[in-house]
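> So here's final-v7.cif (mmCIF, C-alpha atoms and all ligand atoms).
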```
data_input
#
loop_
_atom_site.label_atom_id
_atom_site.label_comp_id
_atom_site.auth_asym_id
_atom_site.auth_seq_id
_atom_site.Cartn_x
_atom_site.Cartn_y
_atom_site.Cartn_z
CA MET W 1 0.00 0.00 0.00
CA ARG W 2 1.28 3.42 -0.95
CA ALA W 3 2.57 5.44 2.01
CA VAL W 4 3.10 9.20 2.10
CA HIS W 5 4.95 10.91 4.92
CA LEU W 6 3.12 14.05 6.05
CA ARG W 7 6.04 15.95 7.53
CA GLY W 8 3.55 18.20 9.28
CA PRO W 9 2.73 19.81 11.60
CA VAL W 10 -0.71 18.17 11.63
CA VAL W 11 -3.43 20.15 13.41
CA LEU W 12 -5.82 17.77 15.14
CA ASP W 13 -7.82 19.92 17.51
CA ASP W 14 -7.98 23.31 19.23
CA ASP W 15 -4.86 22.52 21.25
CA ARG W 16 -3.44 19.34 19.74
CA VAL W 17 -0.85 19.37 16.98
CA ALA W 18 1.05 16.25 15.90
CA PRO W 19 4.55 16.73 14.47
CA GLU W 20 3.90 14.30 11.59
CA ALA W 21 1.61 11.59 10.26
CA TRP W 22 1.41 9.17 7.34
CA LEU W 23 -1.03 8.55 4.59
CA LEU W 24 -1.42 4.81 4.18
CA GLY W 25 -3.72 4.14 1.22
CA ASP W 26 -6.89 6.06 1.97
CA ARG W 27 -6.27 6.23 5.76
CA ILE W 28 -4.29 8.34 8.17
CA THR W 29 -1.85 6.74 10.60
CA PHE W 30 0.52 7.99 13.27
CA HIS W 31 2.62 4.79 13.19
CA ARG W 32 5.56 5.05 10.81
CA PRO W 33 5.11 2.51 7.98
CA SER W 34 8.01 0.21 7.06
CA SER W 35 8.59 2.11 3.81
CA VAL W 36 7.58 5.52 2.50
CA ASP W 37 6.92 6.35 -1.16
CA ALA W 38 6.67 10.13 -0.99
CA THR W 39 6.64 13.09 1.37
CA LEU W 40 4.38 16.09 1.69
CA ASP W 41 5.52 19.11 3.69
CA GLY W 42 3.35 21.72 5.30
CA TRP W 43 0.65 22.50 7.83
CA VAL W 44 -2.00 19.80 7.58
CA LEU W 45 -5.65 20.43 8.51
CA PRO W 46 -8.62 18.08 8.49
CA GLY W 47 -10.51 18.73 5.22
CA LEU W 48 -12.50 21.96 5.21
CA VAL W 49 -16.27 22.03 5.69
CA ASP W 50 -18.84 24.23 3.96
CA VAL W 51 -22.08 23.90 5.95
CA HIS W 52 -24.24 26.04 3.72
CA CYS W 53 -23.62 25.02 0.14
CA HIS W 54 -26.16 24.04 -2.49
CA VAL W 55 -24.87 21.39 -4.89
CA GLY W 56 -27.34 21.01 -7.77
CA LEU W 57 -28.78 24.52 -7.43
CA GLY W 58 -28.26 27.49 -9.73
CA ALA W 59 -29.81 30.94 -9.98
CA GLN W 60 -32.79 29.46 -11.84
CA GLY W 61 -33.25 26.41 -9.64
CA GLU W 62 -32.16 22.85 -10.39
CA VAL W 63 -29.09 22.44 -12.62
CA ASP W 64 -28.06 19.45 -14.72
CA ARG W 65 -25.67 16.82 -13.49
CA SER W 66 -22.57 18.09 -15.25
CA THR W 67 -23.11 21.57 -13.75
CA ALA W 68 -23.59 20.06 -10.31
CA GLU W 69 -20.39 18.08 -10.84
CA GLN W 70 -18.48 21.28 -11.69
CA GLN W 71 -19.88 22.88 -8.52
CA ALA W 72 -18.69 20.01 -6.35
CA LEU W 73 -15.25 20.01 -8.03
CA ALA W 74 -14.87 23.75 -7.40
CA ASP W 75 -15.69 23.18 -3.73
CA ARG W 76 -13.23 20.30 -3.54
CA ASP W 77 -10.39 22.24 -5.13
CA SER W 78 -10.85 24.99 -2.54
CA GLY W 79 -10.16 22.40 0.19
CA VAL W 80 -13.82 21.72 1.05
CA LEU W 81 -14.01 17.94 1.44
CA LEU W 82 -17.23 17.83 3.45
CA ILE W 83 -20.41 19.69 2.52
CA ARG W 84 -23.61 19.98 4.46
CA ASP W 85 -25.99 21.08 1.79
CA ALA W 86 -28.61 23.55 2.90
CA GLY W 87 -31.33 22.39 0.57
CA SER W 88 -31.17 21.34 -3.07
CA PRO W 89 -33.90 20.79 -5.65
CA ALA W 90 -31.70 18.20 -7.39
CA ASP W 91 -31.30 14.55 -6.48
CA THR W 92 -27.57 14.46 -5.78
CA ARG W 93 -27.29 10.94 -4.39
CA TRP W 94 -25.02 9.98 -7.31
CA VAL W 95 -22.31 12.16 -5.71
CA ASP W 96 -21.90 9.45 -3.05
CA ASP W 97 -20.61 7.04 -5.70
CA ARG W 98 -17.87 9.40 -6.84
CA GLU W 99 -14.53 8.93 -5.13
CA ASP W 100 -13.30 12.23 -6.57
CA LEU W 101 -16.08 14.42 -5.15
CA PRO W 102 -16.47 15.80 -1.61
CA ARG W 103 -18.57 13.96 0.94
CA LEU W 104 -22.07 15.36 1.00
CA ILE W 105 -24.54 15.51 3.89
CA ARG W 106 -27.93 16.29 2.35
CA ALA W 107 -30.83 18.24 3.78
CA GLY W 108 -33.37 17.27 1.11
CA ARG W 109 -35.32 20.14 -0.41
CA HIS W 110 -35.89 23.54 1.19
CA LEU W 111 -39.36 23.62 2.73
CA ALA W 112 -41.17 26.87 1.93
CA ARG W 113 -44.57 28.23 0.94
CA PRO W 114 -45.85 29.48 -2.43
CA LYS W 115 -44.36 32.90 -3.30
CA ARG W 116 -42.48 32.90 -0.01
CA TYR W 117 -39.00 31.98 -1.19
CA LEU W 118 -36.90 32.12 -4.35
CA ARG W 119 -38.73 30.58 -7.29
CA HIS W 120 -37.80 27.01 -8.29
CA TYR W 121 -35.62 26.51 -5.21
CA GLY W 122 -37.80 24.90 -2.61
CA ARG W 123 -40.71 22.59 -2.12
CA GLU W 124 -43.68 24.92 -1.66
CA LEU W 125 -46.38 23.71 0.71
CA ALA W 126 -49.89 25.02 0.00
CA GLU W 127 -50.96 24.77 3.67
CA VAL W 128 -48.82 25.44 6.72
CA ALA W 129 -50.28 22.35 8.40
CA GLU W 130 -48.43 20.20 5.82
CA LEU W 131 -45.07 21.12 7.31
CA PRO W 132 -44.60 18.34 9.90
CA ALA W 133 -45.37 15.59 7.36
CA ALA W 134 -43.16 17.24 4.74
CA VAL W 135 -40.33 17.45 7.27
CA VAL W 136 -40.59 13.71 7.84
CA GLN W 137 -40.41 13.06 4.08
CA GLU W 138 -37.33 15.26 3.67
CA ALA W 139 -35.75 13.71 6.76
CA VAL W 140 -36.10 10.29 5.16
CA ARG W 141 -34.65 11.53 1.84
CA GLY W 142 -31.77 13.48 3.38
CA ASP W 143 -28.72 12.55 5.40
CA GLY W 144 -29.83 13.70 8.84
CA TRP W 145 -30.70 17.33 8.17
CA VAL W 146 -33.84 19.20 7.16
CA LYS W 147 -33.90 22.77 5.87
CA LEU W 148 -36.79 25.14 6.61
CA VAL W 149 -37.31 28.60 5.20
CA ALA W 150 -38.49 30.39 8.35
CA ASP W 151 -39.09 33.90 6.97
CA TRP W 152 -39.21 35.75 3.67
CA ILE W 153 -40.69 38.95 2.27
CA ASP W 154 -44.49 38.90 2.19
CA ARG W 155 -45.32 40.86 -0.98
CA ASP W 156 -49.06 40.53 -0.34
CA LEU W 157 -48.64 43.38 2.16
CA GLY W 158 -48.06 45.79 -0.76
CA PRO W 159 -45.82 48.78 0.04
CA ASP W 160 -45.71 47.55 3.65
CA GLY W 161 -44.22 44.29 2.36
CA ASP W 162 -41.54 43.08 4.76
CA LEU W 163 -39.95 39.95 6.21
CA ARG W 164 -42.56 37.78 7.93
CA PRO W 165 -42.44 34.26 9.38
CA LEU W 166 -43.75 31.52 7.09
CA TRP W 167 -45.05 29.22 9.81
CA PRO W 168 -47.08 29.61 13.01
CA ASP W 169 -45.06 28.77 16.14
CA ASP W 170 -47.10 25.67 17.00
CA VAL W 171 -46.57 24.20 13.52
CA LEU W 172 -42.85 24.92 13.76
CA ALA W 173 -42.68 23.12 17.09
CA GLN W 174 -44.48 20.08 15.64
CA ALA W 175 -42.19 20.12 12.61
CA VAL W 176 -38.96 20.22 14.60
CA ALA W 177 -40.27 17.49 16.93
CA ALA W 178 -41.15 15.37 13.89
CA ALA W 179 -37.63 15.78 12.47
CA HIS W 180 -36.06 14.84 15.79
CA ALA W 181 -38.33 11.79 16.08
CA HIS W 182 -36.95 10.67 12.71
CA GLY W 183 -33.34 11.23 13.71
CA ALA W 184 -32.84 14.42 11.73
CA ARG W 185 -31.63 17.83 12.82
CA VAL W 186 -33.24 21.02 11.56
CA THR W 187 -31.62 24.16 10.23
CA ALA W 188 -33.56 27.23 9.23
CA HIS W 189 -33.08 30.12 6.85
CA THR W 190 -33.86 33.27 8.84
CA PHE W 191 -33.22 36.94 8.11
CA ALA W 192 -35.95 38.32 10.36
CA THR W 193 -36.10 39.14 14.06
CA GLU W 194 -39.72 37.94 14.14
CA ALA W 195 -38.98 34.30 13.26
CA LEU W 196 -36.24 33.62 15.79
CA ASP W 197 -38.16 33.12 19.03
CA GLY W 198 -40.46 30.59 17.40
CA LEU W 199 -37.47 28.68 16.03
CA LEU W 200 -35.72 28.66 19.40
CA ASP W 201 -38.93 27.63 21.21
CA ALA W 202 -39.26 24.78 18.73
CA GLY W 203 -35.71 23.57 19.49
CA VAL W 204 -34.11 24.24 16.10
CA ASP W 205 -30.59 22.80 15.82
CA CYS W 206 -28.86 25.42 13.64
CA LEU W 207 -29.58 28.85 12.18
CA GLU W 208 -28.66 30.12 8.72
CA HIS W 209 -27.90 33.86 8.43
CA ALA W 210 -29.71 34.92 11.66
CA THR W 211 -29.16 38.55 10.67
CA GLY W 212 -32.25 39.65 12.60
CA ALA W 213 -31.15 38.41 16.02
CA ASP W 214 -31.56 41.18 18.61
CA PRO W 215 -29.51 41.27 21.85
CA ARG W 216 -32.07 39.28 23.84
CA GLN W 217 -32.25 36.64 21.10
CA ILE W 218 -28.47 36.48 20.85
CA ASP W 219 -28.44 35.55 24.54
CA ARG W 220 -31.10 32.92 23.88
CA ILE W 221 -29.15 31.42 20.95
CA ALA W 222 -26.00 31.32 23.09
CA ALA W 223 -27.80 29.70 26.02
CA ALA W 224 -29.27 27.05 23.73
CA GLY W 225 -25.83 26.40 22.19
CA VAL W 226 -27.25 26.72 18.68
CA PRO W 227 -24.59 27.44 16.03
CA VAL W 228 -25.12 30.16 13.43
CA THR W 229 -23.91 29.98 9.83
CA VAL W 230 -23.24 33.66 9.28
CA THR W 231 -22.97 33.54 5.44
CA LEU W 232 -21.26 36.92 5.16
CA LEU W 233 -20.85 36.57 1.38
CA GLN W 234 -24.63 36.33 1.19
CA VAL W 235 -25.29 39.18 3.63
CA ALA W 236 -22.88 41.33 1.58
CA GLN W 237 -25.55 41.17 -1.14
CA PHE W 238 -28.28 42.67 1.07
CA ALA W 239 -27.64 46.23 -0.17
CA ALA W 240 -28.06 45.11 -3.78
CA ILE W 241 -31.21 43.17 -2.84
CA ALA W 242 -32.54 46.36 -1.19
CA ASP W 243 -31.77 48.40 -4.30
CA GLN W 244 -33.98 46.10 -6.34
CA ALA W 245 -36.88 46.20 -3.88
CA VAL W 246 -38.12 49.67 -4.91
CA LYS W 247 -41.75 48.65 -4.37
CA TYR W 248 -41.04 47.56 -0.78
CA PRO W 249 -39.39 50.45 1.06
CA VAL W 250 -39.88 48.98 4.56
CA TYR W 251 -38.17 45.78 3.55
CA ALA W 252 -35.44 47.59 1.64
CA GLU W 253 -34.65 49.75 4.67
CA ARG W 254 -34.42 46.69 6.92
CA MET W 255 -32.12 44.85 4.50
CA ARG W 256 -29.87 47.94 4.25
CA ARG W 257 -29.69 48.24 8.03
CA MET W 258 -28.66 44.59 8.39
CA HIS W 259 -26.12 44.99 5.62
CA THR W 260 -24.51 48.00 7.31
CA ARG W 261 -24.37 46.25 10.68
CA ARG W 262 -23.22 42.87 9.43
CA TYR W 263 -19.67 42.78 10.84
CA GLN W 264 -20.73 44.17 14.21
CA HIS W 265 -23.56 41.65 14.26
CA VAL W 266 -21.21 38.71 13.68
CA ARG W 267 -18.88 40.02 16.40
CA ASP W 268 -21.84 40.24 18.78
CA LEU W 269 -22.72 36.61 18.05
CA HIS W 270 -19.12 35.55 18.61
CA ASP W 271 -18.73 37.58 21.80
CA ALA W 272 -21.89 35.97 23.20
CA GLY W 273 -20.21 32.56 22.80
CA ILE W 274 -22.30 31.34 19.88
CA PRO W 275 -20.43 28.85 17.67
CA LEU W 276 -20.08 30.44 14.25
CA LEU W 277 -20.09 28.24 11.16
CA LEU W 278 -18.70 28.88 7.69
CA GLY W 279 -21.09 28.55 4.80
CA THR W 280 -20.61 30.14 1.40
CA ASP W 281 -24.30 29.81 0.39
CA ALA W 282 -22.92 28.82 -3.01
CA GLY W 283 -25.29 27.54 -5.62
CA GLY W 284 -27.85 30.30 -6.02
CA THR W 285 -26.17 33.55 -6.97
CA ILE W 286 -22.81 32.83 -5.30
CA ALA W 287 -20.15 30.74 -7.06
CA HIS W 288 -18.85 27.49 -5.58
CA GLY W 289 -15.31 27.22 -4.24
CA ARG W 290 -15.32 30.42 -2.16
CA ILE W 291 -14.74 29.09 1.36
CA ALA W 292 -11.57 31.19 1.68
CA ASP W 293 -13.54 34.31 0.73
CA GLU W 294 -16.12 33.54 3.41
CA ALA W 295 -13.27 33.03 5.90
CA ALA W 296 -11.82 36.40 4.86
CA GLU W 297 -15.21 38.01 5.59
CA LEU W 298 -15.20 36.56 9.11
CA LEU W 299 -11.68 37.93 9.61
CA ALA W 300 -12.89 41.32 8.36
CA ALA W 301 -15.63 41.13 10.99
CA GLY W 302 -12.93 40.74 13.64
CA ILE W 303 -13.23 37.01 14.39
CA PRO W 304 -9.80 35.65 15.44
CA ASP W 305 -7.93 33.59 12.83
CA ALA W 306 -7.77 30.52 15.08
CA ASP W 307 -11.55 30.50 15.54
CA VAL W 308 -12.21 30.97 11.83
CA VAL W 309 -9.92 28.05 10.94
CA ALA W 310 -11.34 25.78 13.66
CA ALA W 311 -14.84 26.54 12.39
CA ALA W 312 -13.78 25.85 8.81
CA SER W 313 -12.26 22.51 9.77
CA TRP W 314 -12.12 20.28 12.85
CA ARG W 315 -14.63 22.00 15.11
CA THR W 316 -17.42 21.79 12.58
CA ARG W 317 -16.44 18.29 11.44
CA ARG W 318 -16.86 17.09 15.04
CA TRP W 319 -20.20 18.87 15.39
CA LEU W 320 -21.43 17.16 12.21
CA GLY W 321 -20.22 13.79 13.48
CA ALA W 322 -17.54 13.52 10.78
CA PRO W 323 -14.06 12.09 11.38
CA VAL W 324 -11.18 14.48 12.01
CA LEU W 325 -7.67 13.04 11.57
CA GLY W 326 -7.62 10.23 14.11
CA GLU W 327 -5.69 7.00 13.73
CA GLY W 328 -7.29 5.02 10.88
CA ASP W 329 -9.63 7.82 9.85
CA PRO W 330 -10.15 8.63 6.15
CA ALA W 331 -7.30 10.71 4.72
CA ASP W 332 -9.29 13.84 3.88
CA LEU W 333 -6.94 16.75 4.46
CA VAL W 334 -5.57 20.01 3.17
CA VAL W 335 -1.94 21.16 3.31
CA TYR W 336 -0.83 24.79 3.64
CA ASP W 337 2.51 26.60 3.53
CA SER W 338 2.08 28.15 6.97
CA ASP W 339 -0.04 27.83 10.11
CA PRO W 340 -3.61 28.88 9.17
CA ARG W 341 -4.41 29.47 12.85
CA VAL W 342 -1.93 32.34 12.84
CA ASP W 343 -3.01 33.80 9.51
CA ALA W 344 -6.17 32.30 8.04
CA ARG W 345 -5.65 34.08 4.73
CA VAL W 346 -3.48 31.10 3.77
CA LEU W 347 -6.74 29.13 3.32
CA ALA W 348 -6.94 30.78 -0.12
CA THR W 349 -3.83 28.97 -1.35
CA PRO W 350 -3.78 25.28 -0.38
CA ARG W 351 -0.53 23.56 -1.33
CA ALA W 352 -2.27 20.19 -1.63
CA VAL W 353 -5.78 18.78 -1.27
CA VAL W 354 -6.03 15.08 -0.41
CA LEU W 355 -9.40 13.32 -0.61
CA ARG W 356 -9.73 9.63 0.38
CA GLY W 357 -5.96 9.40 0.22
CA ASN W 358 -5.76 10.76 -3.35
CA ARG W 359 -4.07 14.03 -4.04
CA VAL W 360 -6.70 15.90 -6.07
CA ARG W 361 -4.93 19.23 -6.16
ZN ZN W 401 -28.78 29.03 0.96
#
```
Can I see the file as structure tokens?

Amino acid sequence: MRAVHLRGPVVLDDDRVAPEAWLLGDRITFHRPSSVDATLDGWVLPGLVDVHCHVGLGAQGEVDRSTAEQQALADRDSGVLLIRDAGSPADTRWVDDREDLPRLIRAGRHLARPKRYLRHYGRELAEVAELPAAVVQEAVRGDGWVKLVADWIDRDLGPDGDLRPLWPDDVLAQAVAAAHAHGARVTAHTFATEALDGLLDAGVDCLEHATGADPRQIDRIAAAGVPVTVTLLQVAQFAAIADQAVKYPVYAERMRRMHTRRYQHVRDLHDAGIPLLLGTDAGGTIAHGRIADEAAELLAAGIPDADVVAAASWRTRRWLGAPVLGEGDPADLVVYDSDPRVDARVLATPRAVVLRGNRVR
């Protein structure tokens, strides 16, 4: 079996760094093999994670298989070897059969209501009461996650149109309980302040964006230990979204306010002790392969390099239940020229990407 000496250092955890390791076939080992075929120098991290990434989704909804393949390859080449998708209209189960593509944890289809999310993205339920049963169906189709759209602009309000929750609180609670009963966790798209208490009351497991969280809700999220995927690349688009919403001045003003405050907001979440997650939200209007750009946005917000890198790698892998780089674990890793915990900008230039023991970049 082919053996590669990783001359290290190898970052294993927040405070554990091994001086070296070996790639033995598709596995990692810390026991020196009898012979070594090659060496790889540099700082080694467990493969990066993008927790909000839509493989199979484009600006107009579902994309064909070859486009989805290009998306997954772009993610992989950026060092992302594990993706939690955050809803996809496409059946992407074929990705599991491809040794050269990142590992994918699916959330099934976004659950939304007619006219209350981006067209052609989600599964639109005619009646709110259908949500718990739909959650069960998506839980069965997915890989342990379900994605809800918790709030969106309500254009039926005319010029007063603004972000409003999609689901009554009692239905949300039933839906989250139904997911949990079927072994799935629930994450929710939320921009609005108004949707957050209902989600937290329901016991949601993760929040996407959470741009509307007020100080009291930030304390609630922290107390519940619910991570937030801050999607700063997506929130950077809020000003442009506001510019297009000329018919909805209330909504536009709110989106602008959240855009202006976005870095302070993310710092507030971090300072409250909320685990922040990295998600590019690639697949709608944002290109795949931009995990380093999302990391750079968190750095711009003032999040320490070490926390950004931990969130992009081992910390989030553990939270998802994925292997890190333990003895005998799959050799999914990324190699950098210098210590990313000291300067996370190095995430933009991986020296090598190794997936299932194969060097793919
Ligand atoms: Zn998304």
> Extract, using all atoms listed in the file, all DNA, RNA and protein residues at most 10 Å from W:Thr67, discarding same-chain residues fewer than 5 positions from it, and format them as a list in words.
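Counting only the stated atoms, we get Val55, Gly56, Leu57, Gly58, Glu62, Ala72 and Leu73 of chain W.
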> Name the residues, by chain letter and number, that sit within 8 Å of ligand ZN 401 (chain W) using all atoms listed in the file, and give them as a ChimeraX atom specification.
/W:52-54,86-87,189,208,281-284
> Measuring atom to atom with all atoms listed in the file, identify which of W:Gly158, W:Gly183, W:Gly198, W:Gly79 is nearest to W:Val171.
W:Gly198
> Work out how far atom CA of W:Pro102 is from atom CA of W:Leu12, in Å to one decimal.
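Taking atom CA of W:Leu12 as the start and atom CA of W:Pro102 as the end point, the length is 19.9 Å.
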> Smallest atom-to-atom distance to W:Tyr117: which of W:Leu163, W:Ala173, W:Arg76, W:Leu131, using only C-alpha atoms?
W:Leu163
> What's around W:Pro168 at 12 Å? Count all atoms listed in the file, leave out sequence neighbours fewer than 6 positions away in its own chain, and write the answer as number ranges by chain.
W: 127-132, 150-151, 174-175, 194-199, 201-202
> Keeping only C-alpha atoms, write the selected residues as a PDB file, in the coordinates of the input.

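The new file part.pdb reads:
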```
ATOM      1  CA  GLU W 127     -50.960  24.770   3.670  1.00  0.00           C
ATOM      2  CA  VAL W 128     -48.820  25.440   6.720  1.00  0.00           C
ATOM      3  CA  ALA W 129     -50.280  22.350   8.400  1.00  0.00           C
ATOM      4  CA  GLU W 130     -48.430  20.200   5.820  1.00  0.00           C
ATOM      5  CA  LEU W 131     -45.070  21.120   7.310  1.00  0.00           C
ATOM      6  CA  PRO W 132     -44.600  18.340   9.900  1.00  0.00           C
ATOM      7  CA  ALA W 150     -38.490  30.390   8.350  1.00  0.00           C
ATOM      8  CA  ASP W 151     -39.090  33.900   6.970  1.00  0.00           C
ATOM      9  CA  GLN W 174     -44.480  20.080  15.640  1.00  0.00           C
ATOM     10  CA  ALA W 175     -42.190  20.120  12.610  1.00  0.00           C
ATOM     11  CA  GLU W 194     -39.720  37.940  14.140  1.00  0.00           C
ATOM     12  CA  ALA W 195     -38.980  34.300  13.260  1.00  0.00           C
ATOM     13  CA  LEU W 196     -36.240  33.620  15.790  1.00  0.00           C
ATOM     14  CA  ASP W 197     -38.160  33.120  19.030  1.00  0.00           C
ATOM     15  CA  GLY W 198     -40.460  30.590  17.400  1.00  0.00           C
ATOM     16  CA  LEU W 199     -37.470  28.680  16.030  1.00  0.00           C
ATOM     17  CA  ASP W 201     -38.930  27.630  21.210  1.00  0.00           C
ATOM     18  CA  ALA W 202     -39.260  24.780  18.730  1.00  0.00           C
TER      19      ALA W 202
END
```
> Could you check the closest approach to W:Tyr121 for each of W:Gly61, W:Leu325, W:Asp156, W:Val49 and tell me which residue wins, using only C-alpha atoms?
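So, comparing all the options, the nearest one is W:Gly61.
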> Name all residues at most 10 Å from W:Gln234 (count all atoms listed in the file; drop same-chain ones fewer than 2 positions away) and give them as a PDB file with C-alpha atoms, keeping the file's coordinate frame.

```pdb
ATOM      1  CA  HIS W 209     -27.900  33.860   8.430  1.00  0.00           C
ATOM      2  CA  VAL W 230     -23.240  33.660   9.280  1.00  0.00           C
ATOM      3  CA  THR W 231     -22.970  33.540   5.440  1.00  0.00           C
ATOM      4  CA  LEU W 232     -21.260  36.920   5.160  1.00  0.00           C
ATOM      5  CA  ALA W 236     -22.880  41.330   1.580  1.00  0.00           C
ATOM      6  CA  GLN W 237     -25.550  41.170  -1.140  1.00  0.00           C
ATOM      7  CA  PHE W 238     -28.280  42.670   1.070  1.00  0.00           C
ATOM      8  CA  HIS W 259     -26.120  44.990   5.620  1.00  0.00           C
ATOM      9  CA  GLY W 279     -21.090  28.550   4.800  1.00  0.00           C
ATOM     10  CA  THR W 280     -20.610  30.140   1.400  1.00  0.00           C
ATOM     11  CA  ASP W 281     -24.300  29.810   0.390  1.00  0.00           C
ATOM     12  CA  ALA W 282     -22.920  28.820  -3.010  1.00  0.00           C
ATOM     13  CA  GLY W 284     -27.850  30.300  -6.020  1.00  0.00           C
ATOM     14  CA  THR W 285     -26.170  33.550  -6.970  1.00  0.00           C
ATOM     15  CA  ILE W 286     -22.810  32.830  -5.300  1.00  0.00           C
ATOM     16  CA  GLU W 294     -16.120  33.540   3.410  1.00  0.00           C
TER      17      GLU W 294
END
```
> Write out as a list in words each polymer residue whose atoms come within 10 Å of W:Thr349, counting all atoms listed in the file; drop sequence neighbours fewer than 5 positions from it.
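Contacts, in chain order: Ser78, Gly79, Ala292, Val335, Tyr336 and Asp337 of chain W.
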> What's the separation between atom CA of W:Asp329 and atom CA of W:Phe30, in Å to one decimal place?
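Taking atom CA of W:Asp329 as the start and atom CA of W:Phe30 as the end point, the length is 10.7 Å.
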> Which residues come within 9 Å of W:Asn358, counting all atoms listed in the file, excluding same-chain residues fewer than 5 positions away, as a PyMOL selection string?
chain W and resi 25-26+100+331-332+353
